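Q: What follows is the file upload-v7.cif, containing mmCIF, N, CA and C atoms:
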data_model
#
loop_
_atom_site.label_atom_id
_atom_site.label_comp_id
_atom_site.auth_asym_id
_atom_site.auth_seq_id
_atom_site.Cartn_x
_atom_site.Cartn_y
_atom_site.Cartn_z
N MET A 6 -4.66 -53.70 26.06
CA MET A 6 -3.95 -54.05 24.86
C MET A 6 -4.72 -53.60 23.64
N VAL A 7 -6.02 -53.68 23.67
CA VAL A 7 -6.84 -53.27 22.55
C VAL A 7 -6.69 -51.77 22.33
N GLN A 8 -6.65 -51.05 23.43
CA GLN A 8 -6.54 -49.60 23.34
C GLN A 8 -5.20 -49.20 22.73
N LEU A 9 -4.14 -49.88 23.03
CA LEU A 9 -2.83 -49.58 22.49
C LEU A 9 -2.78 -49.81 20.99
N SER A 10 -3.34 -50.89 20.52
CA SER A 10 -3.33 -51.16 19.08
C SER A 10 -4.20 -50.15 18.34
N HIS A 11 -5.28 -49.69 18.98
CA HIS A 11 -6.14 -48.68 18.36
C HIS A 11 -5.38 -47.36 18.20
N SER A 12 -4.62 -46.94 19.21
CA SER A 12 -3.88 -45.69 19.11
C SER A 12 -2.74 -45.80 18.11
N MET A 13 -2.14 -46.97 17.96
CA MET A 13 -1.09 -47.17 16.97
C MET A 13 -1.66 -47.07 15.56
N ALA A 14 -2.85 -47.60 15.37
CA ALA A 14 -3.49 -47.52 14.06
C ALA A 14 -3.81 -46.07 13.72
N ALA A 15 -4.28 -45.31 14.70
CA ALA A 15 -4.58 -43.90 14.49
C ALA A 15 -3.30 -43.13 14.20
N TYR A 16 -2.22 -43.49 14.85
CA TYR A 16 -0.94 -42.82 14.63
C TYR A 16 -0.44 -43.06 13.21
N ARG A 17 -0.62 -44.26 12.72
CA ARG A 17 -0.16 -44.59 11.38
C ARG A 17 -1.00 -43.91 10.30
N ARG A 18 -2.25 -43.59 10.60
CA ARG A 18 -3.09 -42.93 9.61
C ARG A 18 -2.80 -41.45 9.49
N THR A 19 -2.29 -40.83 10.52
CA THR A 19 -1.99 -39.39 10.44
C THR A 19 -0.68 -39.21 9.68
N PRO A 20 -0.66 -38.24 8.78
CA PRO A 20 0.56 -38.04 7.98
C PRO A 20 1.69 -37.47 8.85
N SER A 21 2.89 -37.81 8.51
CA SER A 21 4.05 -37.29 9.23
C SER A 21 4.36 -35.89 8.72
N ASN A 22 5.23 -35.21 9.43
CA ASN A 22 5.61 -33.85 9.03
C ASN A 22 6.27 -33.85 7.65
N SER A 23 7.08 -34.84 7.37
CA SER A 23 7.75 -34.87 6.07
C SER A 23 6.74 -35.09 4.94
N GLN A 24 5.70 -35.87 5.19
CA GLN A 24 4.66 -36.04 4.17
C GLN A 24 3.91 -34.74 3.93
N ILE A 25 3.60 -34.03 5.00
CA ILE A 25 2.89 -32.75 4.88
C ILE A 25 3.76 -31.76 4.11
N ILE A 26 5.05 -31.73 4.42
CA ILE A 26 5.95 -30.80 3.73
C ILE A 26 6.04 -31.15 2.25
N ARG A 27 6.14 -32.44 1.93
CA ARG A 27 6.20 -32.84 0.52
C ARG A 27 4.93 -32.43 -0.23
N GLU A 28 3.78 -32.59 0.40
CA GLU A 28 2.52 -32.21 -0.24
C GLU A 28 2.46 -30.70 -0.47
N LYS A 29 2.89 -29.93 0.53
CA LYS A 29 2.88 -28.46 0.39
C LYS A 29 3.86 -28.01 -0.70
N MET A 30 5.03 -28.65 -0.77
CA MET A 30 6.01 -28.30 -1.79
C MET A 30 5.47 -28.61 -3.19
N GLN A 31 4.74 -29.71 -3.32
CA GLN A 31 4.14 -30.04 -4.62
C GLN A 31 3.13 -28.98 -5.02
N ILE A 32 2.36 -28.51 -4.06
CA ILE A 32 1.38 -27.46 -4.34
C ILE A 32 2.09 -26.18 -4.78
N LEU A 33 3.15 -25.81 -4.05
CA LEU A 33 3.90 -24.60 -4.40
C LEU A 33 4.55 -24.73 -5.78
N ARG A 34 5.12 -25.88 -6.08
CA ARG A 34 5.75 -26.08 -7.39
C ARG A 34 4.73 -26.04 -8.52
N SER A 35 3.53 -26.49 -8.25
CA SER A 35 2.50 -26.46 -9.30
C SER A 35 2.04 -25.03 -9.60
N GLU A 36 2.25 -24.11 -8.67
CA GLU A 36 1.83 -22.71 -8.86
C GLU A 36 2.93 -21.84 -9.46
N GLN A 37 4.13 -22.38 -9.65
CA GLN A 37 5.24 -21.59 -10.19
C GLN A 37 5.02 -21.25 -11.66
N ASN A 38 5.53 -20.07 -12.06
CA ASN A 38 5.46 -19.66 -13.46
C ASN A 38 6.69 -18.82 -13.77
N ILE A 39 7.63 -19.41 -14.48
CA ILE A 39 8.91 -18.75 -14.74
C ILE A 39 8.76 -17.54 -15.65
N LEU A 40 7.86 -17.59 -16.63
CA LEU A 40 7.68 -16.45 -17.54
C LEU A 40 7.13 -15.23 -16.80
N ILE A 41 6.15 -15.44 -15.95
CA ILE A 41 5.62 -14.33 -15.15
C ILE A 41 6.71 -13.83 -14.19
N GLY A 42 7.55 -14.73 -13.71
CA GLY A 42 8.66 -14.33 -12.84
C GLY A 42 9.65 -13.44 -13.57
N ILE A 43 9.95 -13.77 -14.81
CA ILE A 43 10.87 -12.94 -15.60
C ILE A 43 10.26 -11.57 -15.86
N ILE A 44 8.99 -11.52 -16.15
CA ILE A 44 8.30 -10.23 -16.32
C ILE A 44 8.35 -9.44 -15.02
N GLY A 45 8.13 -10.12 -13.90
CA GLY A 45 8.24 -9.45 -12.60
C GLY A 45 9.64 -8.93 -12.35
N GLY A 46 10.66 -9.67 -12.81
CA GLY A 46 12.03 -9.20 -12.68
C GLY A 46 12.28 -7.93 -13.48
N PHE A 47 11.74 -7.88 -14.69
CA PHE A 47 11.90 -6.67 -15.50
C PHE A 47 11.14 -5.49 -14.88
N LEU A 48 9.98 -5.75 -14.28
CA LEU A 48 9.27 -4.67 -13.58
C LEU A 48 10.08 -4.18 -12.39
N GLY A 49 10.68 -5.10 -11.66
CA GLY A 49 11.55 -4.71 -10.55
C GLY A 49 12.75 -3.92 -11.02
N SER A 50 13.29 -4.29 -12.19
CA SER A 50 14.45 -3.55 -12.71
C SER A 50 14.04 -2.14 -13.12
N LEU A 51 12.84 -1.98 -13.66
CA LEU A 51 12.38 -0.62 -14.01
C LEU A 51 12.24 0.25 -12.78
N ILE A 52 11.70 -0.31 -11.71
CA ILE A 52 11.59 0.45 -10.47
C ILE A 52 12.97 0.78 -9.93
N GLY A 53 13.87 -0.20 -9.99
CA GLY A 53 15.23 0.01 -9.51
C GLY A 53 15.96 1.07 -10.30
N ILE A 54 15.81 1.06 -11.63
CA ILE A 54 16.47 2.07 -12.46
C ILE A 54 15.88 3.45 -12.18
N GLY A 55 14.57 3.51 -11.93
CA GLY A 55 13.96 4.79 -11.58
C GLY A 55 14.52 5.35 -10.28
N LEU A 56 14.67 4.49 -9.27
CA LEU A 56 15.25 4.93 -8.00
C LEU A 56 16.72 5.30 -8.19
N TRP A 57 17.41 4.56 -9.04
CA TRP A 57 18.81 4.83 -9.32
C TRP A 57 18.95 6.21 -9.98
N ALA A 58 18.09 6.50 -10.96
CA ALA A 58 18.13 7.80 -11.63
C ALA A 58 17.79 8.93 -10.65
N LEU A 59 16.88 8.66 -9.73
CA LEU A 59 16.55 9.66 -8.71
C LEU A 59 17.76 9.95 -7.83
N ALA A 60 18.50 8.91 -7.45
CA ALA A 60 19.69 9.10 -6.63
C ALA A 60 20.75 9.90 -7.39
N VAL A 61 20.90 9.64 -8.68
CA VAL A 61 21.86 10.39 -9.49
C VAL A 61 21.43 11.85 -9.59
N ALA A 62 20.13 12.09 -9.73
CA ALA A 62 19.63 13.48 -9.80
C ALA A 62 19.86 14.21 -8.48
N ILE A 63 19.77 13.50 -7.39
CA ILE A 63 19.97 14.13 -6.08
C ILE A 63 21.46 14.41 -5.83
N PHE A 64 22.33 13.43 -6.12
CA PHE A 64 23.75 13.56 -5.80
C PHE A 64 24.58 14.16 -6.93
N HIS A 65 24.04 14.26 -8.13
CA HIS A 65 24.73 14.85 -9.29
C HIS A 65 26.03 14.13 -9.63
N ARG A 66 26.07 12.84 -9.45
CA ARG A 66 27.22 12.02 -9.84
C ARG A 66 26.78 10.57 -9.91
N PRO A 67 27.56 9.73 -10.55
CA PRO A 67 27.18 8.31 -10.63
C PRO A 67 27.08 7.68 -9.25
N VAL A 68 26.06 6.89 -9.04
CA VAL A 68 25.83 6.24 -7.76
C VAL A 68 25.74 4.73 -8.03
N PHE A 69 26.90 4.09 -8.10
CA PHE A 69 26.93 2.70 -8.52
C PHE A 69 26.44 1.75 -7.44
N TRP A 70 26.43 2.16 -6.19
CA TRP A 70 25.94 1.28 -5.12
C TRP A 70 24.44 1.05 -5.23
N MET A 71 23.75 1.84 -6.06
CA MET A 71 22.31 1.63 -6.25
C MET A 71 22.03 0.36 -7.06
N ALA A 72 23.07 -0.28 -7.58
CA ALA A 72 22.88 -1.57 -8.26
C ALA A 72 22.42 -2.63 -7.26
N ILE A 73 22.78 -2.47 -6.00
CA ILE A 73 22.39 -3.47 -4.99
C ILE A 73 20.88 -3.44 -4.74
N PRO A 74 20.28 -2.28 -4.41
CA PRO A 74 18.82 -2.29 -4.25
C PRO A 74 18.08 -2.65 -5.54
N SER A 75 18.65 -2.28 -6.69
CA SER A 75 18.02 -2.66 -7.96
C SER A 75 18.01 -4.17 -8.11
N SER A 76 19.10 -4.82 -7.75
CA SER A 76 19.16 -6.28 -7.82
C SER A 76 18.16 -6.93 -6.87
N VAL A 77 18.00 -6.35 -5.70
CA VAL A 77 17.03 -6.88 -4.74
C VAL A 77 15.62 -6.77 -5.31
N LEU A 78 15.32 -5.65 -5.95
CA LEU A 78 13.99 -5.48 -6.54
C LEU A 78 13.76 -6.46 -7.69
N VAL A 79 14.79 -6.75 -8.45
CA VAL A 79 14.67 -7.75 -9.52
C VAL A 79 14.38 -9.11 -8.90
N GLY A 80 15.13 -9.47 -7.88
CA GLY A 80 14.92 -10.76 -7.22
C GLY A 80 13.54 -10.89 -6.61
N LEU A 81 13.07 -9.82 -5.99
CA LEU A 81 11.72 -9.85 -5.42
C LEU A 81 10.67 -9.98 -6.51
N GLY A 82 10.87 -9.29 -7.62
CA GLY A 82 9.91 -9.39 -8.72
C GLY A 82 9.83 -10.80 -9.28
N VAL A 83 11.00 -11.42 -9.46
CA VAL A 83 11.02 -12.80 -9.97
C VAL A 83 10.37 -13.75 -8.98
N HIS A 84 10.70 -13.59 -7.71
CA HIS A 84 10.19 -14.52 -6.69
C HIS A 84 8.69 -14.33 -6.44
N LEU A 85 8.27 -13.10 -6.26
CA LEU A 85 6.88 -12.86 -5.87
C LEU A 85 5.91 -13.07 -7.03
N LEU A 86 6.22 -12.51 -8.19
CA LEU A 86 5.29 -12.67 -9.31
C LEU A 86 5.33 -14.07 -9.90
N GLY A 87 6.52 -14.69 -9.92
CA GLY A 87 6.63 -16.03 -10.46
C GLY A 87 6.30 -17.11 -9.45
N ARG A 88 6.15 -16.72 -8.19
CA ARG A 88 5.89 -17.67 -7.10
C ARG A 88 6.91 -18.80 -7.10
N GLY A 89 8.17 -18.43 -7.31
CA GLY A 89 9.21 -19.43 -7.49
C GLY A 89 9.89 -19.84 -6.21
N ILE A 90 10.16 -21.13 -6.12
CA ILE A 90 10.91 -21.67 -4.99
C ILE A 90 12.10 -22.49 -5.47
N ASP A 91 12.24 -22.71 -6.77
CA ASP A 91 13.32 -23.51 -7.31
C ASP A 91 14.52 -22.62 -7.65
N LYS A 92 15.67 -23.24 -7.87
CA LYS A 92 16.90 -22.51 -8.20
C LYS A 92 16.79 -21.79 -9.54
N GLY A 93 15.97 -22.28 -10.43
CA GLY A 93 15.82 -21.66 -11.75
C GLY A 93 15.34 -20.22 -11.66
N PHE A 94 14.59 -19.90 -10.63
CA PHE A 94 14.10 -18.53 -10.47
C PHE A 94 15.23 -17.59 -10.06
N GLY A 95 16.15 -18.08 -9.27
CA GLY A 95 17.32 -17.28 -8.91
C GLY A 95 18.20 -17.02 -10.11
N ILE A 96 18.38 -18.06 -10.93
CA ILE A 96 19.18 -17.91 -12.15
C ILE A 96 18.50 -16.93 -13.10
N ALA A 97 17.18 -17.02 -13.22
CA ALA A 97 16.44 -16.08 -14.07
C ALA A 97 16.61 -14.65 -13.57
N GLY A 98 16.59 -14.45 -12.27
CA GLY A 98 16.79 -13.12 -11.70
C GLY A 98 18.16 -12.56 -12.02
N VAL A 99 19.18 -13.41 -11.96
CA VAL A 99 20.53 -12.97 -12.29
C VAL A 99 20.61 -12.55 -13.76
N PHE A 100 20.02 -13.34 -14.65
CA PHE A 100 20.04 -12.99 -16.07
C PHE A 100 19.27 -11.70 -16.34
N VAL A 101 18.16 -11.50 -15.67
CA VAL A 101 17.40 -10.25 -15.85
C VAL A 101 18.24 -9.06 -15.40
N MET A 102 18.94 -9.20 -14.28
CA MET A 102 19.76 -8.08 -13.79
C MET A 102 20.94 -7.83 -14.72
N ILE A 103 21.56 -8.87 -15.25
CA ILE A 103 22.66 -8.68 -16.20
C ILE A 103 22.15 -7.99 -17.46
N LEU A 104 21.01 -8.42 -17.98
CA LEU A 104 20.44 -7.77 -19.16
C LEU A 104 20.10 -6.32 -18.87
N THR A 105 19.63 -6.04 -17.68
CA THR A 105 19.31 -4.66 -17.30
C THR A 105 20.56 -3.80 -17.30
N LEU A 106 21.63 -4.32 -16.72
CA LEU A 106 22.86 -3.53 -16.65
C LEU A 106 23.50 -3.38 -18.04
N LEU A 107 23.51 -4.45 -18.82
CA LEU A 107 24.08 -4.36 -20.16
C LEU A 107 23.21 -3.53 -21.10
N GLY A 108 21.92 -3.55 -20.85
CA GLY A 108 20.99 -2.82 -21.70
C GLY A 108 20.98 -1.33 -21.46
N GLY A 109 21.80 -0.86 -20.59
CA GLY A 109 21.89 0.59 -20.39
C GLY A 109 21.46 1.05 -19.03
N GLY A 110 21.21 0.14 -18.11
CA GLY A 110 20.80 0.56 -16.77
C GLY A 110 21.84 1.45 -16.11
N ALA A 111 23.10 1.04 -16.17
CA ALA A 111 24.16 1.83 -15.53
C ALA A 111 24.44 3.10 -16.32
N ARG A 112 24.34 3.05 -17.64
CA ARG A 112 24.60 4.24 -18.45
C ARG A 112 23.45 5.23 -18.39
N ALA A 113 22.25 4.74 -18.26
CA ALA A 113 21.08 5.62 -18.26
C ALA A 113 21.01 6.48 -17.01
N VAL A 114 21.66 6.05 -15.96
CA VAL A 114 21.53 6.78 -14.71
C VAL A 114 22.79 7.56 -14.35
N GLN A 115 23.74 7.67 -15.28
CA GLN A 115 24.91 8.50 -15.04
C GLN A 115 24.61 9.91 -15.48
N PRO A 116 25.13 10.89 -14.77
CA PRO A 116 24.91 12.26 -15.22
C PRO A 116 25.57 12.46 -16.57
N SER A 117 24.93 13.23 -17.41
CA SER A 117 25.47 13.44 -18.76
C SER A 117 26.65 14.39 -18.71
N GLY A 118 27.47 14.34 -19.73
CA GLY A 118 28.62 15.23 -19.82
C GLY A 118 28.22 16.68 -19.93
N ASP A 119 27.06 16.95 -20.52
CA ASP A 119 26.59 18.33 -20.65
C ASP A 119 26.36 18.95 -19.29
N GLN A 120 25.83 18.20 -18.35
CA GLN A 120 25.61 18.73 -17.02
C GLN A 120 26.94 19.07 -16.36
N ASP A 121 27.94 18.21 -16.54
CA ASP A 121 29.25 18.48 -15.96
C ASP A 121 29.88 19.73 -16.57
N GLU A 122 29.77 19.88 -17.89
CA GLU A 122 30.31 21.05 -18.55
C GLU A 122 29.59 22.31 -18.09
N ASP A 123 28.29 22.26 -17.94
CA ASP A 123 27.53 23.41 -17.46
C ASP A 123 27.96 23.79 -16.05
N LEU A 124 28.22 22.80 -15.21
CA LEU A 124 28.65 23.07 -13.84
C LEU A 124 30.02 23.75 -13.84
N VAL A 125 30.93 23.30 -14.69
CA VAL A 125 32.26 23.90 -14.77
C VAL A 125 32.15 25.34 -15.27
N ARG A 126 31.31 25.56 -16.28
CA ARG A 126 31.12 26.93 -16.78
C ARG A 126 30.52 27.84 -15.72
N ALA A 127 29.55 27.34 -14.98
CA ALA A 127 28.92 28.15 -13.93
C ALA A 127 29.93 28.50 -12.85
N GLU A 128 30.78 27.55 -12.45
CA GLU A 128 31.79 27.84 -11.44
C GLU A 128 32.79 28.87 -11.96
N ALA A 129 33.15 28.77 -13.24
CA ALA A 129 34.09 29.73 -13.82
C ALA A 129 33.48 31.13 -13.84
N ARG A 130 32.19 31.24 -14.13
CA ARG A 130 31.53 32.55 -14.12
C ARG A 130 31.50 33.15 -12.72
N VAL A 131 31.26 32.33 -11.71
CA VAL A 131 31.23 32.83 -10.34
C VAL A 131 32.60 33.35 -9.94
N VAL A 132 33.65 32.62 -10.29
CA VAL A 132 35.01 33.06 -9.97
C VAL A 132 35.34 34.34 -10.73
N GLN A 133 34.96 34.39 -12.00
CA GLN A 133 35.24 35.56 -12.81
C GLN A 133 34.49 36.79 -12.28
N ASP A 134 33.23 36.62 -11.90
CA ASP A 134 32.46 37.73 -11.35
C ASP A 134 33.06 38.21 -10.04
N ALA A 135 33.53 37.30 -9.23
CA ALA A 135 34.11 37.67 -7.94
C ALA A 135 35.40 38.47 -8.14
N GLN A 136 36.13 38.20 -9.19
CA GLN A 136 37.37 38.92 -9.44
C GLN A 136 37.11 40.33 -9.94
N HIS A 137 35.99 40.58 -10.57
CA HIS A 137 35.71 41.89 -11.15
C HIS A 137 34.91 42.81 -10.24
N ARG A 138 34.31 42.31 -9.20
CA ARG A 138 33.54 43.18 -8.30
C ARG A 138 34.44 43.65 -7.16
N PRO A 139 34.50 44.94 -6.93
CA PRO A 139 35.42 45.45 -5.90
C PRO A 139 35.02 45.01 -4.49
N GLN A 140 33.72 44.90 -4.19
CA GLN A 140 33.34 44.54 -2.84
C GLN A 140 33.78 43.11 -2.50
N ASP A 141 33.88 42.25 -3.52
CA ASP A 141 34.34 40.90 -3.26
C ASP A 141 35.85 40.83 -3.10
N ARG A 142 36.56 41.84 -3.63
CA ARG A 142 38.01 41.86 -3.46
C ARG A 142 38.40 42.50 -2.14
N GLY A 143 37.43 43.06 -1.44
CA GLY A 143 37.71 43.64 -0.13
C GLY A 143 38.15 45.09 -0.19
N VAL A 144 37.93 45.80 -1.30
CA VAL A 144 38.38 47.18 -1.43
C VAL A 144 37.52 48.10 -0.58
N ARG A 145 36.21 47.95 -0.57
CA ARG A 145 35.31 48.88 0.11
C ARG A 145 35.32 48.74 1.62
N ASN A 146 35.39 47.53 2.10
CA ASN A 146 35.15 47.32 3.53
C ASN A 146 36.43 47.19 4.34
N ARG A 147 37.54 47.72 3.83
CA ARG A 147 38.78 47.69 4.62
C ARG A 147 38.72 48.81 5.68
N PRO A 148 39.31 48.54 6.81
CA PRO A 148 39.33 49.63 7.82
C PRO A 148 40.12 50.83 7.27
N GLY A 149 39.59 52.00 7.48
CA GLY A 149 40.22 53.21 7.01
C GLY A 149 39.70 53.70 5.69
N ASN A 150 39.01 52.87 4.94
CA ASN A 150 38.41 53.32 3.68
C ASN A 150 37.11 54.04 3.98
N ILE A 151 36.88 55.11 3.29
CA ILE A 151 35.63 55.83 3.44
C ILE A 151 34.81 55.57 2.20
N ALA A 152 33.69 54.96 2.41
CA ALA A 152 32.87 54.61 1.28
C ALA A 152 31.77 55.60 1.07
#
Can the structure in the file be given as structure tokens, please?

A:
Amino acid sequence: MVQLSHSMAAYRRTPSNSQIIREKMQILRSEQNILIGIIGGFLGSLIGIGLWALAVAIFHRPVFWMAIPSSVLVGLGVHLLGRGIDKGFGIAGVFVMILTLLGGGARAVQPSGDQDEDLVRAEARVVQDAQHRPQDRGVRNRPGNIA
């Protein structure tokens, strides 16, 4: 009987899982910093816009689906740099992404109209050159022609 009461006392002195979790959550909350998280979100948005501009340069047209990876980078920046676990960090990430898009993120990565006009002019020159060269019209290489 003495041994049983001793083990019960030892059991009561050890913290339960919920107590351990509460203590760890308090430690994590004390390390949070929303301002650093917002700065991290803007850094993530800069990286995202850079990747977005690279995709536009590769594909030569607007690539709006790149808003998804940009948003992920903003969220990671807010979470990792701000060490956030509360809902406020998610809301801050959304506001940073909205500011990024409204501030010119989507416009900055669209191909300019000058590039489109240059492409149309270049295509017109190729067509025009092809019409004026006899070998492209098939005059020289027809069967029976002696060149």

Q: Compile the contact shell of Asp91 in chain A as a list in words: residues with an atom at most 10 Å away, counting only C-alpha atoms, same-chain residues fewer than 5 positions apart removed.

A: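 So, after excluding close chain neighbours, the residues are Leu33, Arg34, Gln37, Ile39, His84 and Ile96 of chain A.
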
Q: Anything within 8 Å of (18.9, -5.4, -9.6): list those residues as a ChimeraX atom specification, counting only C-alpha atoms and sticking to the file's coordinates.

A: /A:49-50,53,72-80,102,105

Q: Hey, can you check how far CA of Gly42 in chain A sits from CA of Met30 in chain A?

A: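 Spanning CA of Gly42 in chain A to CA of Met30 in chain A is a straight-line distance of 18.0 Å.
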
Q: Which residue out of A:Ile54, A:Asn22, A:Glu28, A:Gly46 has the minimum interatomic distance to Leu86 in chain A when only C-alpha atoms are used?

A: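 For Leu86 in chain A, the nearest of the candidates is A:Gly46.
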
Q: Using only C-alpha atoms, find the one residue out of A:Ile103, A:Leu40, A:Leu81, A:Met71 that sits nearest to Ala58 in chain A.

A: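 Of A:Ile103, A:Leu40, A:Leu81, A:Met71, the one nearest Ala58 in chain A, counting only C-alpha atoms, is A:Met71.
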